[in-house]
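Participant: Structure file model_10.cif (mmCIF, C-alpha atoms and all ligand atoms) is given on the next line.
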```cif
data_my_file
#
loop_
_atom_site.label_atom_id
_atom_site.label_comp_id
_atom_site.auth_asym_id
_atom_site.auth_seq_id
_atom_site.Cartn_x
_atom_site.Cartn_y
_atom_site.Cartn_z
CA MET A 1 -5.03 -58.74 71.03
CA ILE A 2 -3.72 -59.81 67.64
CA ASN A 3 -5.85 -60.20 64.56
CA PRO A 4 -5.18 -63.82 63.40
CA ASP A 5 -5.11 -62.59 59.81
CA THR A 6 -2.02 -60.48 60.62
CA LEU A 7 -0.09 -63.65 61.45
CA ILE A 8 -1.51 -65.49 58.44
CA LYS A 9 -0.43 -62.61 56.20
CA ALA A 10 3.07 -62.68 57.67
CA ILE A 11 3.29 -66.43 57.01
CA LYS A 12 2.10 -66.03 53.42
CA ASN A 13 4.49 -63.11 52.81
CA ASN A 14 7.24 -65.65 53.39
CA ASN A 15 5.76 -67.78 50.65
CA LEU A 16 4.70 -70.53 53.09
CA ASN A 17 1.47 -71.89 51.66
CA PHE A 18 0.95 -75.25 53.28
CA ILE A 19 -0.36 -75.69 56.78
CA THR A 20 -1.14 -78.82 58.83
CA GLY A 21 -1.57 -79.70 62.50
CA VAL A 22 -3.83 -80.84 65.29
CA PRO A 23 -6.33 -78.33 66.72
CA ASP A 24 -6.09 -76.78 70.15
CA SER A 25 -8.46 -74.51 72.06
CA LEU A 26 -5.81 -71.87 72.73
CA LEU A 27 -5.11 -71.52 69.00
CA LYS A 28 -8.67 -71.95 67.74
CA ASN A 29 -9.23 -68.29 66.81
CA LEU A 30 -6.22 -68.63 64.54
CA THR A 31 -6.62 -72.17 63.20
CA ASN A 32 -10.30 -71.70 62.38
CA ARG A 33 -9.20 -69.20 59.71
CA PHE A 34 -6.92 -71.62 57.87
CA ASP A 35 -9.51 -73.30 55.65
CA THR A 36 -10.38 -70.05 53.94
CA LYS A 37 -6.94 -68.45 54.06
CA PHE A 38 -4.70 -71.25 52.80
CA LYS A 39 -5.06 -73.14 49.55
CA ARG A 40 -3.85 -76.25 51.32
CA HIS A 41 -4.78 -77.01 54.92
CA ILE A 42 -4.77 -80.56 56.27
CA ILE A 43 -6.04 -81.29 59.78
CA SER A 44 -3.75 -84.11 60.83
CA THR A 45 -4.56 -87.03 63.11
CA ASN A 46 -1.41 -86.71 65.22
CA GLU A 47 1.17 -83.94 65.68
CA GLY A 48 4.02 -86.35 64.85
CA SER A 49 2.27 -87.26 61.62
CA ALA A 50 1.90 -83.55 60.81
CA VAL A 51 5.66 -83.07 61.21
CA SER A 52 6.33 -86.08 59.00
CA PHE A 53 3.95 -84.74 56.35
CA ALA A 54 5.89 -81.48 56.55
CA ILE A 55 9.13 -83.38 55.92
CA GLY A 56 7.67 -84.95 52.77
CA TYR A 57 6.29 -81.58 51.72
CA TYR A 58 9.71 -79.95 52.07
CA LEU A 59 11.49 -82.74 50.19
CA SER A 60 9.12 -82.34 47.26
CA SER A 61 8.74 -78.54 47.20
CA LYS A 62 11.87 -77.17 48.91
CA LYS A 63 9.46 -75.05 50.97
CA PRO A 64 8.97 -75.22 54.75
CA ALA A 65 5.49 -76.20 55.93
CA VAL A 66 3.69 -74.69 58.92
CA ILE A 67 2.59 -77.06 61.69
CA TYR A 68 0.28 -76.07 64.55
CA LEU A 69 -0.16 -77.93 67.83
CA GLN A 70 -0.90 -77.67 71.51
CA ASN A 71 2.24 -78.01 73.64
CA SER A 72 0.97 -81.43 74.77
CA GLY A 73 1.56 -82.47 71.15
CA LEU A 74 5.30 -81.92 71.68
CA GLY A 75 5.37 -85.46 73.02
CA ASN A 76 4.14 -86.72 69.66
CA ILE A 77 6.58 -84.66 67.55
CA ILE A 78 9.75 -85.35 69.49
CA ASN A 79 10.51 -88.55 67.59
CA PRO A 80 10.27 -87.26 63.98
CA ILE A 81 11.93 -83.98 65.01
CA THR A 82 14.85 -85.60 66.84
CA SER A 83 15.42 -88.57 64.58
CA LEU A 84 14.68 -86.96 61.21
CA ALA A 85 14.20 -83.18 61.02
CA HIS A 86 16.97 -82.15 63.43
CA PRO A 87 20.09 -80.66 61.75
CA LYS A 88 22.14 -83.58 63.08
CA VAL A 89 20.08 -85.85 60.79
CA TYR A 90 18.40 -84.45 57.62
CA GLY A 91 17.93 -80.86 58.76
CA ILE A 92 14.43 -79.98 57.59
CA PRO A 93 13.15 -76.39 57.82
CA MET A 94 9.60 -75.95 59.15
CA LEU A 95 7.65 -73.48 61.25
CA LEU A 96 5.87 -74.81 64.34
CA ILE A 97 3.09 -72.79 65.95
CA ILE A 98 2.65 -74.02 69.52
CA GLY A 99 -0.21 -73.12 71.88
CA TRP A 100 1.29 -72.87 75.38
CA ARG A 101 -1.08 -74.34 77.96
CA GLY A 102 0.11 -74.01 81.54
CA GLU A 103 2.33 -71.10 80.49
CA ILE A 104 4.91 -69.49 82.75
CA GLN A 105 4.62 -65.76 83.32
CA GLY A 106 7.69 -64.35 85.03
CA LEU A 107 8.42 -66.97 87.65
CA LYS A 108 4.83 -68.15 88.05
CA GLN A 109 2.71 -70.68 86.22
CA ILE A 110 -0.79 -69.48 85.37
CA ALA A 111 -3.60 -71.71 86.66
CA ASP A 112 -4.56 -74.43 84.19
CA GLU A 113 -5.81 -78.02 84.23
CA PRO A 114 -3.66 -80.68 86.00
CA GLN A 115 -2.63 -82.27 82.69
CA HIS A 116 -0.97 -79.01 81.62
CA ARG A 117 1.07 -78.42 84.78
CA LYS A 118 4.22 -80.35 83.92
CA GLN A 119 3.96 -79.86 80.15
CA GLY A 120 3.55 -76.09 80.61
CA LEU A 121 6.57 -75.99 82.87
CA ILE A 122 8.94 -77.80 80.51
CA THR A 123 7.77 -76.51 77.12
CA ILE A 124 10.48 -73.89 76.59
CA ASP A 125 13.19 -76.20 77.99
CA GLN A 126 12.06 -78.93 75.59
CA LEU A 127 12.45 -76.54 72.66
CA LYS A 128 15.91 -75.58 73.90
CA LEU A 129 16.88 -79.23 74.31
CA LEU A 130 15.73 -79.95 70.76
CA ASN A 131 17.71 -76.90 69.51
CA ILE A 132 14.55 -75.33 68.11
CA PRO A 133 14.97 -71.53 67.81
CA HIS A 134 11.73 -69.97 69.07
CA LYS A 135 9.90 -66.77 69.88
CA ILE A 136 7.09 -66.30 72.40
CA ILE A 137 4.18 -64.02 71.52
CA ASN A 138 1.18 -62.67 73.43
CA SER A 139 -1.76 -60.33 72.86
CA LYS A 140 0.51 -57.27 73.07
CA THR A 141 3.09 -58.41 70.53
CA ARG A 142 3.21 -55.86 67.74
CA ASN A 143 6.02 -56.86 65.35
CA ILE A 144 4.50 -60.14 64.10
CA ASN A 145 5.81 -59.61 60.57
CA GLN A 146 9.37 -59.17 61.74
CA ILE A 147 9.15 -62.16 64.08
CA ILE A 148 7.90 -64.50 61.35
CA ASN A 149 10.44 -63.18 58.82
CA ASN A 150 13.28 -63.82 61.28
CA LEU A 151 12.06 -67.27 62.26
CA VAL A 152 11.62 -68.40 58.66
CA LYS A 153 15.02 -66.98 57.73
CA THR A 154 16.65 -68.84 60.63
CA SER A 155 14.87 -72.05 59.69
CA LYS A 156 16.15 -71.85 56.11
CA ILE A 157 19.71 -70.82 56.99
CA LYS A 158 20.17 -73.35 59.82
CA GLN A 159 18.04 -75.98 58.05
CA CYS A 160 16.07 -76.73 61.19
CA PRO A 161 12.57 -76.52 62.69
CA VAL A 162 11.74 -73.20 64.38
CA ALA A 163 8.79 -72.35 66.63
CA LEU A 164 6.38 -69.58 67.46
CA VAL A 165 5.08 -70.11 71.00
CA VAL A 166 1.67 -68.56 71.61
CA ARG A 167 0.35 -67.54 75.02
CA LYS A 168 -3.32 -67.73 76.05
CA ASN A 169 -5.77 -65.11 74.71
CA THR A 170 -3.41 -63.87 72.01
CA PHE A 171 -5.81 -63.83 69.06
CA ILE A 172 -9.13 -62.09 68.67
CA ASN A 173 -12.12 -64.17 67.60
CA LEU A 174 -13.23 -63.25 64.08
CA SER A 175 -15.78 -66.05 63.87
CA LYS A 176 -19.42 -65.16 64.33
CA LYS A 177 -20.54 -68.78 64.66
CA LYS A 178 -22.24 -69.80 67.90
CA THR A 179 -22.90 -73.40 68.91
CA ASN A 180 -26.56 -73.89 69.43
CA LEU A 181 -27.68 -76.98 71.32
CA LYS A 182 -30.93 -77.68 69.52
CA LYS A 183 -32.99 -79.92 71.77
CA ARG A 184 -33.99 -82.61 69.33
CA LEU A 185 -30.44 -83.51 68.23
CA LEU A 186 -28.28 -86.14 69.91
CA PHE A 187 -25.17 -84.78 71.64
CA ARG A 188 -22.25 -86.49 73.40
CA GLU A 189 -23.69 -85.69 76.81
CA ASP A 190 -26.99 -87.42 75.90
CA VAL A 191 -25.01 -90.43 74.70
CA ILE A 192 -23.11 -90.67 78.00
CA ASN A 193 -26.36 -90.25 79.92
CA GLU A 194 -27.96 -93.09 77.98
CA ILE A 195 -25.02 -95.43 78.59
CA LEU A 196 -24.90 -94.66 82.30
CA ARG A 197 -28.56 -95.66 82.59
CA VAL A 198 -27.56 -99.28 81.90
CA THR A 199 -24.15 -99.52 83.53
CA ASN A 200 -23.72 -100.14 87.25
CA SER A 201 -21.19 -99.25 89.91
CA LYS A 202 -19.18 -102.43 89.20
CA ASN A 203 -18.44 -101.37 85.63
CA ILE A 204 -15.16 -99.61 85.02
CA ILE A 205 -15.14 -96.61 82.71
CA VAL A 206 -12.09 -95.06 81.09
CA SER A 207 -13.03 -91.82 79.36
CA THR A 208 -11.11 -89.88 76.74
CA THR A 209 -9.55 -86.40 76.84
CA GLY A 210 -11.69 -83.28 76.60
CA MET A 211 -15.42 -82.82 77.12
CA THR A 212 -16.16 -86.56 77.38
CA SER A 213 -14.39 -86.76 80.74
CA ARG A 214 -15.88 -83.47 81.89
CA GLU A 215 -19.39 -84.55 80.97
CA LEU A 216 -18.98 -87.96 82.61
CA TYR A 217 -17.80 -86.21 85.77
CA GLU A 218 -20.70 -83.76 85.61
CA ILE A 219 -23.37 -86.41 85.05
CA ARG A 220 -22.08 -88.47 88.00
CA LYS A 221 -22.25 -85.36 90.17
CA LYS A 222 -25.76 -84.50 88.99
CA ASN A 223 -27.00 -88.08 89.55
CA LYS A 224 -25.22 -88.26 92.92
CA GLN A 225 -23.43 -91.42 91.73
CA ASN A 226 -19.96 -92.23 92.95
CA ASN A 227 -17.28 -91.93 90.30
CA PHE A 228 -14.53 -93.98 91.89
CA MET A 229 -14.57 -96.51 89.04
CA ASP A 230 -14.19 -93.82 86.38
CA PHE A 231 -10.69 -93.11 85.13
CA LEU A 232 -10.58 -89.73 83.40
CA THR A 233 -7.84 -89.63 80.74
CA VAL A 234 -7.45 -85.87 81.13
CA GLY A 235 -4.21 -85.78 79.12
CA GLY A 236 -2.52 -88.29 76.81
CA MET A 237 -5.10 -87.82 74.06
CA GLY A 238 -5.65 -91.05 72.11
CA HIS A 239 -4.45 -93.35 74.88
CA ALA A 240 -7.70 -94.01 76.79
CA SER A 241 -8.35 -97.27 74.94
CA GLN A 242 -4.95 -98.73 75.85
CA ILE A 243 -5.45 -97.75 79.49
CA ALA A 244 -8.77 -99.59 79.32
CA ALA A 245 -7.04 -102.60 77.74
CA GLY A 246 -4.41 -102.67 80.50
CA ILE A 247 -7.17 -102.74 83.11
CA ALA A 248 -9.28 -105.26 81.17
CA MET A 249 -6.35 -107.67 80.99
CA ASN A 250 -6.00 -107.79 84.77
CA LYS A 251 -9.68 -107.47 85.67
CA ASN A 252 -11.08 -110.02 83.29
CA LYS A 253 -14.16 -110.72 85.43
CA LYS A 254 -15.30 -107.11 85.10
CA LYS A 255 -16.60 -105.17 82.12
CA VAL A 256 -14.34 -102.29 81.18
CA PHE A 257 -15.76 -99.47 79.09
CA CYS A 258 -13.71 -97.07 77.04
CA PHE A 259 -15.56 -93.87 76.09
CA ASP A 260 -13.51 -92.70 73.12
CA GLY A 261 -13.65 -89.72 70.75
CA ASP A 262 -13.16 -89.81 66.98
CA GLY A 263 -10.21 -87.38 67.12
CA ALA A 264 -8.62 -89.37 69.93
CA LEU A 265 -9.15 -92.76 68.28
CA LEU A 266 -7.68 -91.47 65.02
CA MET A 267 -4.57 -90.24 66.81
CA HIS A 268 -3.38 -93.80 67.56
CA MET A 269 -5.72 -95.93 65.47
CA GLY A 270 -3.39 -98.92 65.27
CA SER A 271 -4.17 -99.70 68.90
CA LEU A 272 -7.62 -100.91 67.84
CA GLY A 273 -5.98 -104.24 67.01
CA ILE A 274 -4.85 -104.54 70.63
CA THR A 275 -8.07 -103.46 72.37
CA ALA A 276 -9.99 -105.91 70.17
CA LYS A 277 -8.23 -108.78 71.93
CA PHE A 278 -9.97 -108.20 75.26
CA ASN A 279 -13.36 -109.84 75.51
CA ASN A 280 -14.40 -107.89 78.59
CA LEU A 281 -13.71 -104.55 76.91
CA ILE A 282 -16.58 -102.45 75.56
CA HIS A 283 -15.15 -99.75 73.32
CA ILE A 284 -17.64 -96.97 72.71
CA LEU A 285 -16.71 -94.43 70.08
CA ILE A 286 -18.72 -91.23 70.38
CA ASN A 287 -18.38 -89.93 66.85
CA ASN A 288 -19.34 -86.28 66.59
CA LYS A 289 -17.02 -86.06 63.56
CA ALA A 290 -15.11 -83.20 65.15
CA HIS A 291 -12.50 -82.07 67.66
CA ASP A 292 -15.45 -80.68 69.56
CA SER A 293 -13.57 -79.91 72.79
CA VAL A 294 -11.16 -77.49 71.14
CA GLY A 295 -13.24 -75.66 68.56
CA GLY A 296 -15.18 -78.21 66.51
CA GLN A 297 -12.68 -78.67 63.67
CA PRO A 298 -13.66 -81.66 61.46
CA THR A 299 -12.00 -85.07 61.73
CA LEU A 300 -11.94 -88.04 59.37
CA GLY A 301 -14.98 -89.18 61.37
CA THR A 302 -16.96 -87.28 58.72
CA ILE A 303 -16.10 -89.99 56.18
CA PHE A 304 -15.01 -93.05 58.18
CA ASP A 305 -17.19 -95.93 59.24
CA PHE A 306 -15.23 -96.83 62.37
CA SER A 307 -17.48 -99.79 63.11
CA LYS A 308 -16.26 -101.46 59.90
CA ILE A 309 -12.64 -100.59 60.71
CA ALA A 310 -13.03 -102.04 64.22
CA LYS A 311 -14.39 -105.26 62.77
CA ILE A 312 -11.40 -105.57 60.44
CA CYS A 313 -9.10 -104.88 63.41
CA GLY A 314 -10.50 -107.92 65.21
CA TYR A 315 -13.49 -106.85 67.32
CA LYS A 316 -15.85 -109.81 67.46
CA ASN A 317 -18.87 -107.50 67.67
CA SER A 318 -19.03 -104.10 66.06
CA ILE A 319 -22.17 -102.02 65.74
CA LEU A 320 -23.04 -98.58 64.37
CA VAL A 321 -25.74 -96.72 66.28
CA LYS A 322 -27.38 -93.58 64.95
CA LYS A 323 -30.41 -93.13 67.16
CA LYS A 324 -30.73 -92.34 70.85
CA ASN A 325 -33.33 -95.02 71.47
CA GLU A 326 -30.99 -97.76 70.18
CA ILE A 327 -28.20 -97.00 72.67
CA GLU A 328 -29.66 -98.73 75.71
CA LYS A 329 -30.43 -101.96 73.86
CA VAL A 330 -26.97 -102.21 72.27
CA VAL A 331 -25.12 -101.47 75.53
CA LYS A 332 -27.18 -104.11 77.34
CA LYS A 333 -26.20 -106.58 74.62
CA ALA A 334 -22.54 -105.65 75.07
CA LEU A 335 -22.78 -106.12 78.83
CA ILE A 336 -23.86 -109.75 78.47
CA SER A 337 -21.56 -110.53 75.54
CA LYS A 338 -18.60 -112.84 76.07
CA LYS A 339 -16.64 -111.28 73.20
CA SER A 340 -15.00 -107.91 72.57
CA PHE A 341 -17.46 -105.21 71.60
CA PHE A 342 -17.12 -101.99 69.63
CA ILE A 343 -20.01 -99.54 69.42
CA GLN A 344 -19.85 -96.44 67.25
CA ILE A 345 -22.48 -93.90 68.24
CA ASN A 346 -22.93 -90.99 65.85
CA CYS A 347 -23.97 -87.66 67.31
CA GLU A 348 -23.70 -83.91 66.79
CA LYS A 349 -20.96 -81.66 68.06
CA GLY A 350 -21.82 -79.22 70.81
CA PHE A 351 -21.78 -78.93 74.60
CA ARG A 352 -23.19 -76.85 77.42
CA ASN A 353 -21.14 -73.81 78.37
CA ASN A 354 -21.69 -74.27 82.10
CA LEU A 355 -19.80 -77.57 82.43
CA SER A 356 -17.73 -77.86 85.58
CA ARG A 357 -14.21 -79.26 85.68
CA PRO A 358 -13.08 -82.39 87.55
CA GLY A 359 -11.25 -81.75 90.83
CA ARG A 360 -7.55 -81.06 90.66
CA ASP A 361 -6.21 -83.75 92.99
CA MET A 362 -5.39 -86.48 90.49
CA LYS A 363 -3.31 -88.54 92.90
CA LYS A 364 -6.26 -88.81 95.27
CA ARG A 365 -8.45 -89.91 92.36
CA LYS A 366 -5.87 -92.51 91.37
CA LEU A 367 -5.77 -94.01 94.88
CA LEU A 368 -9.58 -94.16 95.08
CA PHE A 369 -9.73 -95.81 91.67
CA ILE A 370 -7.12 -98.42 92.61
CA LYS A 371 -8.81 -99.13 95.95
CA ASN A 372 -12.25 -99.57 94.40
CA LEU A 373 -10.90 -101.75 91.64
CA GLN A 374 -9.68 -104.29 94.22
CA ASN A 375 -13.17 -104.79 95.65
C1 LIG B 401 -1.53 -84.76 72.09
C2 LIG B 401 -2.65 -83.79 72.19
N1 LIG B 401 -2.95 -83.03 71.11
C3 LIG B 401 -3.97 -82.15 71.16
C4 LIG B 401 -4.70 -82.00 72.31
C5 LIG B 401 -5.82 -80.98 72.41
N2 LIG B 401 -7.13 -81.62 72.45
C6 LIG B 401 -7.81 -81.86 73.59
S1 LIG B 401 -9.30 -82.56 73.37
C7 LIG B 401 -9.08 -82.53 71.69
C8 LIG B 401 -10.18 -82.98 70.76
C9 LIG B 401 -10.52 -84.40 70.89
O1 LIG B 401 -11.43 -84.72 69.86
P1 LIG B 401 -12.33 -86.01 69.97
O2 LIG B 401 -11.54 -87.14 70.46
O3 LIG B 401 -13.05 -86.19 68.68
O4 LIG B 401 -13.36 -85.65 71.13
P2 LIG B 401 -14.46 -84.48 71.20
O5 LIG B 401 -13.74 -83.29 71.70
O6 LIG B 401 -15.04 -84.30 69.84
O7 LIG B 401 -15.44 -85.02 72.17
C10 LIG B 401 -7.83 -82.00 71.34
C11 LIG B 401 -7.35 -81.87 69.95
C12 LIG B 401 -4.35 -82.81 73.41
N3 LIG B 401 -4.99 -82.77 74.56
N4 LIG B 401 -3.33 -83.68 73.31
#
```
Now that the file is in, can you turn its structure into structure tokens?
Ligand SMILES: Cc1ncc(C[n+]2csc(CCOP(=O)(O)OP(=O)(O)O)c2C)c(N)n1
Facilitator:
Amino acid sequence: MINPDTLIKAIKNNNLNFITGVPDSLLKNLTNRFDTKFKRHIISTNEGSAVSFAIGYYLSSKKPAVIYLQNSGLGNIINPITSLAHPKVYGIPMLLIIGWRGEIQGLKQIADEPQHRKQGLITIDQLKLLNIPHKIINSKTRNINQIINNLVKTSKIKQCPVALVVRKNTFINLSKKKTNLKKRLLFREDVINEILRVTNSKNIIVSTTGMTSRELYEIRKKNKQNNFMDFLTVGGMGHASQIAAGIAMNKNKKKVFCFDGDGALLMHMGSLGITAKFNNLIHILINNKAHDSVGGQPTLGTIFDFSKIAKICGYKNSILVKKKNEIEKVVKKALISKKSFFIQINCEKGFRNNLSRPGRDMKKRKLLFIKNLQN
């Protein structure tokens, strides 16, 4: 395996000193080093925004920035890359570091979650289509220095984005930190448990990407409750609330919950103004102030009061909850309210390490969801 500091050194040897991006579990052993290794490291809210920041950085420093992302973030960067950074437009040098979920080895795709199947399959073709010169590395790659030197050189000569594509288990973990679920603290799983105590099988729940959906699935299983009215937004991070809004618009006699995350909400925060329009929508933001599902990197949730933002965006009711014993009361209030409702619940980051994963047949889940929604 590669020591993440070897790659960081290679990047710095090329005089690249600014790094930004959105965290990813596959890259976490690398990205968790950035705060101490780079003078400037900004955790962005969206991969497309990170690329745009990099454009501004280049224009004002003449130096390429480094942007890290999971390959699912390619969807978010395609617009600023194609319409701005591509050599057919401005031609902006930058180095992308992309974690390759659902990677292809030889002719086979390694097993990964359903949301990574298609994205994993097309990642390299997408880079080719975007004319992004790239290099794939894995745990056995030895000539990291040379690879980075060549990529940066190409980026500067061709005035274009270049990419380093990283396979699973490439970097060793230099962090000694262990997450410790201290009993008396409030975690996301406790929050979901509390909410489910007051909801019933007629309520629709749309849950966000990452551990929220896994925990919802797990709690349903443990409580032997059916989960046919739960829509798990396993991919498309940041879009759960709009899915909930689409359902709420058509099912206006039913209460539709969105279980959102701070990282996810921040990714497309403008949509708050749309969700706020639906009076049967209960938007619950579980704010653990981190990208907990992919390594616990901090988000702007550390400083934002989302309940105030939601109010400004048009939610008729918006409440901040900090204690476990307040959750039930507030959710009950939301269930009888005739106006749109936003609830921010603050909690700690951390999750059990024996969480199971939702089944893999997403089409079957979709059909069950649609069928149950009609009743
Ligand atoms: C477009 C995109 N970028 C990055 C990811 C990787 N990813 C999955 S979950 C997650 C963290 C989500 O953070 P938050 O919404 O705060 O929820 P938490 O994990 O803290 O519960 C990230 C970055 C992704 N799935 N999609």
Participant: One number please: CA of Ile147 (chain A) to CA of Ile2 (chain A), in Å, one decimal.
Facilitator: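 A separation of 13.6 Å between them.
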Participant: Determine, using only C-alpha atoms and all ligand atoms, which residues of chain A have any atom at most 6 Å from an atom of ligand LIG 401 (chain B), and tabulate each with its shortest atom pair and distance in Å to one decimal place, rows ordered by chain and then rising number, as a Markdown table.
Facilitator:
```
| residue | atom | partner | partner_atom | distance |
| --- | --- | --- | --- | --- |
| A:Val22 | CA | B:LIG401 | C11 | 5.9 |
| A:Pro23 | CA | B:LIG401 | C11 | 4.9 |
| A:Asp24 | CA | B:LIG401 | C5 | 4.8 |
| A:Gln70 | CA | B:LIG401 | C3 | 5.4 |
| A:Ser72 | CA | B:LIG401 | C1 | 5.0 |
| A:Gly73 | CA | B:LIG401 | C1 | 4.0 |
| A:Thr209 | CA | B:LIG401 | S1 | 5.2 |
| A:Gly210 | CA | B:LIG401 | S1 | 4.1 |
| A:Met211 | CA | B:LIG401 | O7 | 5.4 |
| A:Thr212 | CA | B:LIG401 | O7 | 5.5 |
| A:Gly235 | CA | B:LIG401 | N3 | 5.5 |
| A:Gly236 | CA | B:LIG401 | N4 | 5.8 |
| A:Met237 | CA | B:LIG401 | N4 | 4.6 |
| A:Gly261 | CA | B:LIG401 | O2 | 3.3 |
| A:Asp262 | CA | B:LIG401 | O3 | 4.0 |
| A:Gly263 | CA | B:LIG401 | O3 | 3.5 |
| A:Ala264 | CA | B:LIG401 | O2 | 3.7 |
| A:Asn288 | CA | B:LIG401 | O6 | 5.7 |
| A:Ala290 | CA | B:LIG401 | O6 | 4.8 |
| A:His291 | CA | B:LIG401 | O1 | 3.6 |
| A:Asp292 | CA | B:LIG401 | O6 | 3.7 |
| A:Ser293 | CA | B:LIG401 | O5 | 3.6 |
| A:Val294 | CA | B:LIG401 | C7 | 5.5 |
```
Participant: Pick out the closest residue to Ile97 (chain A) from this set: A:Leu265, A:Ala10, A:Leu27, A:Leu127. Count only C-alpha atoms.
Facilitator: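 Closest to Ile97 (chain A), using only C-alpha atoms: A:Leu27.
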Participant: Here's a test: counting only C-alpha atoms, identify every protein, DNA and RNA residue with an atom at most 12 Å from (-3.5, -84.4, 89.6) in the file's coordinate frame, and state them as a list in words.
Facilitator: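 Checked against the point, the hits come out as Asp112, Glu113, Pro114, Gln115, His116, Arg117, Lys118, Leu232, Thr233, Val234, Gly235, Pro358, Gly359, Arg360, Asp361, Met362, Lys363, Lys364, Arg365, Lys366 and Leu367 of chain A.
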Participant: Include C-alpha atoms and write out the residues we just selected as a CSV table (one decimal), in the coordinates of the input.
Facilitator:
```csv
chain,number,residue,atom,x,y,z
A,112,ASP,CA,-4.6,-74.4,84.2
A,113,GLU,CA,-5.8,-78.0,84.2
A,114,PRO,CA,-3.7,-80.7,86.0
A,115,GLN,CA,-2.6,-82.3,82.7
A,116,HIS,CA,-1.0,-79.0,81.6
A,117,ARG,CA,1.1,-78.4,84.8
A,118,LYS,CA,4.2,-80.4,83.9
A,232,LEU,CA,-10.6,-89.7,83.4
A,233,THR,CA,-7.8,-89.6,80.7
A,234,VAL,CA,-7.4,-85.9,81.1
A,235,GLY,CA,-4.2,-85.8,79.1
A,358,PRO,CA,-13.1,-82.4,87.6
A,359,GLY,CA,-11.2,-81.8,90.8
A,360,ARG,CA,-7.6,-81.1,90.7
A,361,ASP,CA,-6.2,-83.8,93.0
A,362,MET,CA,-5.4,-86.5,90.5
A,363,LYS,CA,-3.3,-88.5,92.9
A,364,LYS,CA,-6.3,-88.8,95.3
A,365,ARG,CA,-8.4,-89.9,92.4
A,366,LYS,CA,-5.9,-92.5,91.4
A,367,LEU,CA,-5.8,-94.0,94.9
```
Participant: Find the residue from A:Phe18, A:Tyr90, A:Phe34, A:Phe351 that sits nearest to Lys63 (chain A); use only C-alpha atoms when measuring.
Facilitator: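 Ranking A:Phe18, A:Tyr90, A:Phe34, A:Phe351 by distance to Lys63 (chain A), first place goes to A:Phe18.
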Participant: Do you have the CA of Ile219 (chain A)-CA of Ser337 (chain A) distance handy?
Facilitator: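 Value for the CA of Ile219 (chain A)-CA of Ser337 (chain A) distance: 26.0 Å.
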Participant: Using only C-alpha atoms, pick whichever of A:Arg214, A:Asn79, A:Ala111, A:Leu96 has the shortest atom-to-atom distance to Asn354 (chain A).
Facilitator: A:Arg214
Participant: Can you tell me how far CA of Asn280 (chain A) sits from CA of Ile370 (chain A), in Å to one decimal?
Facilitator: 18.4 Å
Participant: For Arg101 (chain A), which residue out of A:Leu216, A:Leu151, A:Val166, A:Ile55 is the nearest one, using all atoms listed in the file?
Facilitator: A:Val166
Participant: For Asp305 (chain A), which residue out of A:Phe171, A:Ala276, A:His268, A:Ile343 is the nearest one, using all atoms listed in the file?
Facilitator: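 Going through A:Phe171, A:Ala276, A:His268, A:Ile343 one by one, the smallest distance to Asp305 (chain A) is for A:Ile343.
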Participant: I'd like the neighbourhood of Cys258 (chain A) as a ChimeraX atom specification, where a residue qualifies if any of its atoms comes within 10 Å (using only C-alpha atoms), though same-chain residues fewer than 5 positions away should be ignored.
Facilitator: /A:204-208,230-231,240-245,275,281-285,342
Participant: So which one's closest to Ser49 (chain A), A:Ala310, A:Leu373, A:Val191, A:Ile78? Using only C-alpha atoms, please.
Facilitator: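 Checking each of A:Ala310, A:Leu373, A:Val191, A:Ile78 against Ser49 (chain A), counting only C-alpha atoms, the winner is A:Ile78.
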Participant: Mind rebuilding region 142-149 of chain A with N, CA and C atoms and writing that out as a tab-separated table (two decimals), keeping the file's coordinate frame?
Facilitator:
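Resulting contents of rebuild_2.tsv:
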```tsv
chain	number	residue	atom	x	y	z
A	142	ARG	N	3.57	-56.73	68.87
A	142	ARG	CA	3.21	-55.86	67.74
A	142	ARG	C	3.95	-56.21	66.44
A	143	ASN	N	5.18	-56.69	66.55
A	143	ASN	CA	6.02	-56.86	65.35
A	143	ASN	C	5.95	-58.27	64.76
A	144	ILE	N	4.71	-58.76	64.58
A	144	ILE	CA	4.50	-60.14	64.10
A	144	ILE	C	5.24	-60.41	62.78
A	145	ASN	N	5.16	-59.44	61.87
A	145	ASN	CA	5.81	-59.61	60.57
A	145	ASN	C	7.29	-59.90	60.71
A	146	GLN	N	7.92	-59.04	61.51
A	146	GLN	CA	9.37	-59.17	61.74
A	146	GLN	C	9.70	-60.52	62.37
A	147	ILE	N	8.89	-60.91	63.36
A	147	ILE	CA	9.15	-62.16	64.08
A	147	ILE	C	9.08	-63.35	63.12
A	148	ILE	N	8.04	-63.37	62.29
A	148	ILE	CA	7.90	-64.50	61.35
A	148	ILE	C	9.02	-64.48	60.31
A	149	ASN	N	9.33	-63.28	59.81
A	149	ASN	CA	10.44	-63.18	58.82
A	149	ASN	C	11.72	-63.75	59.41
```
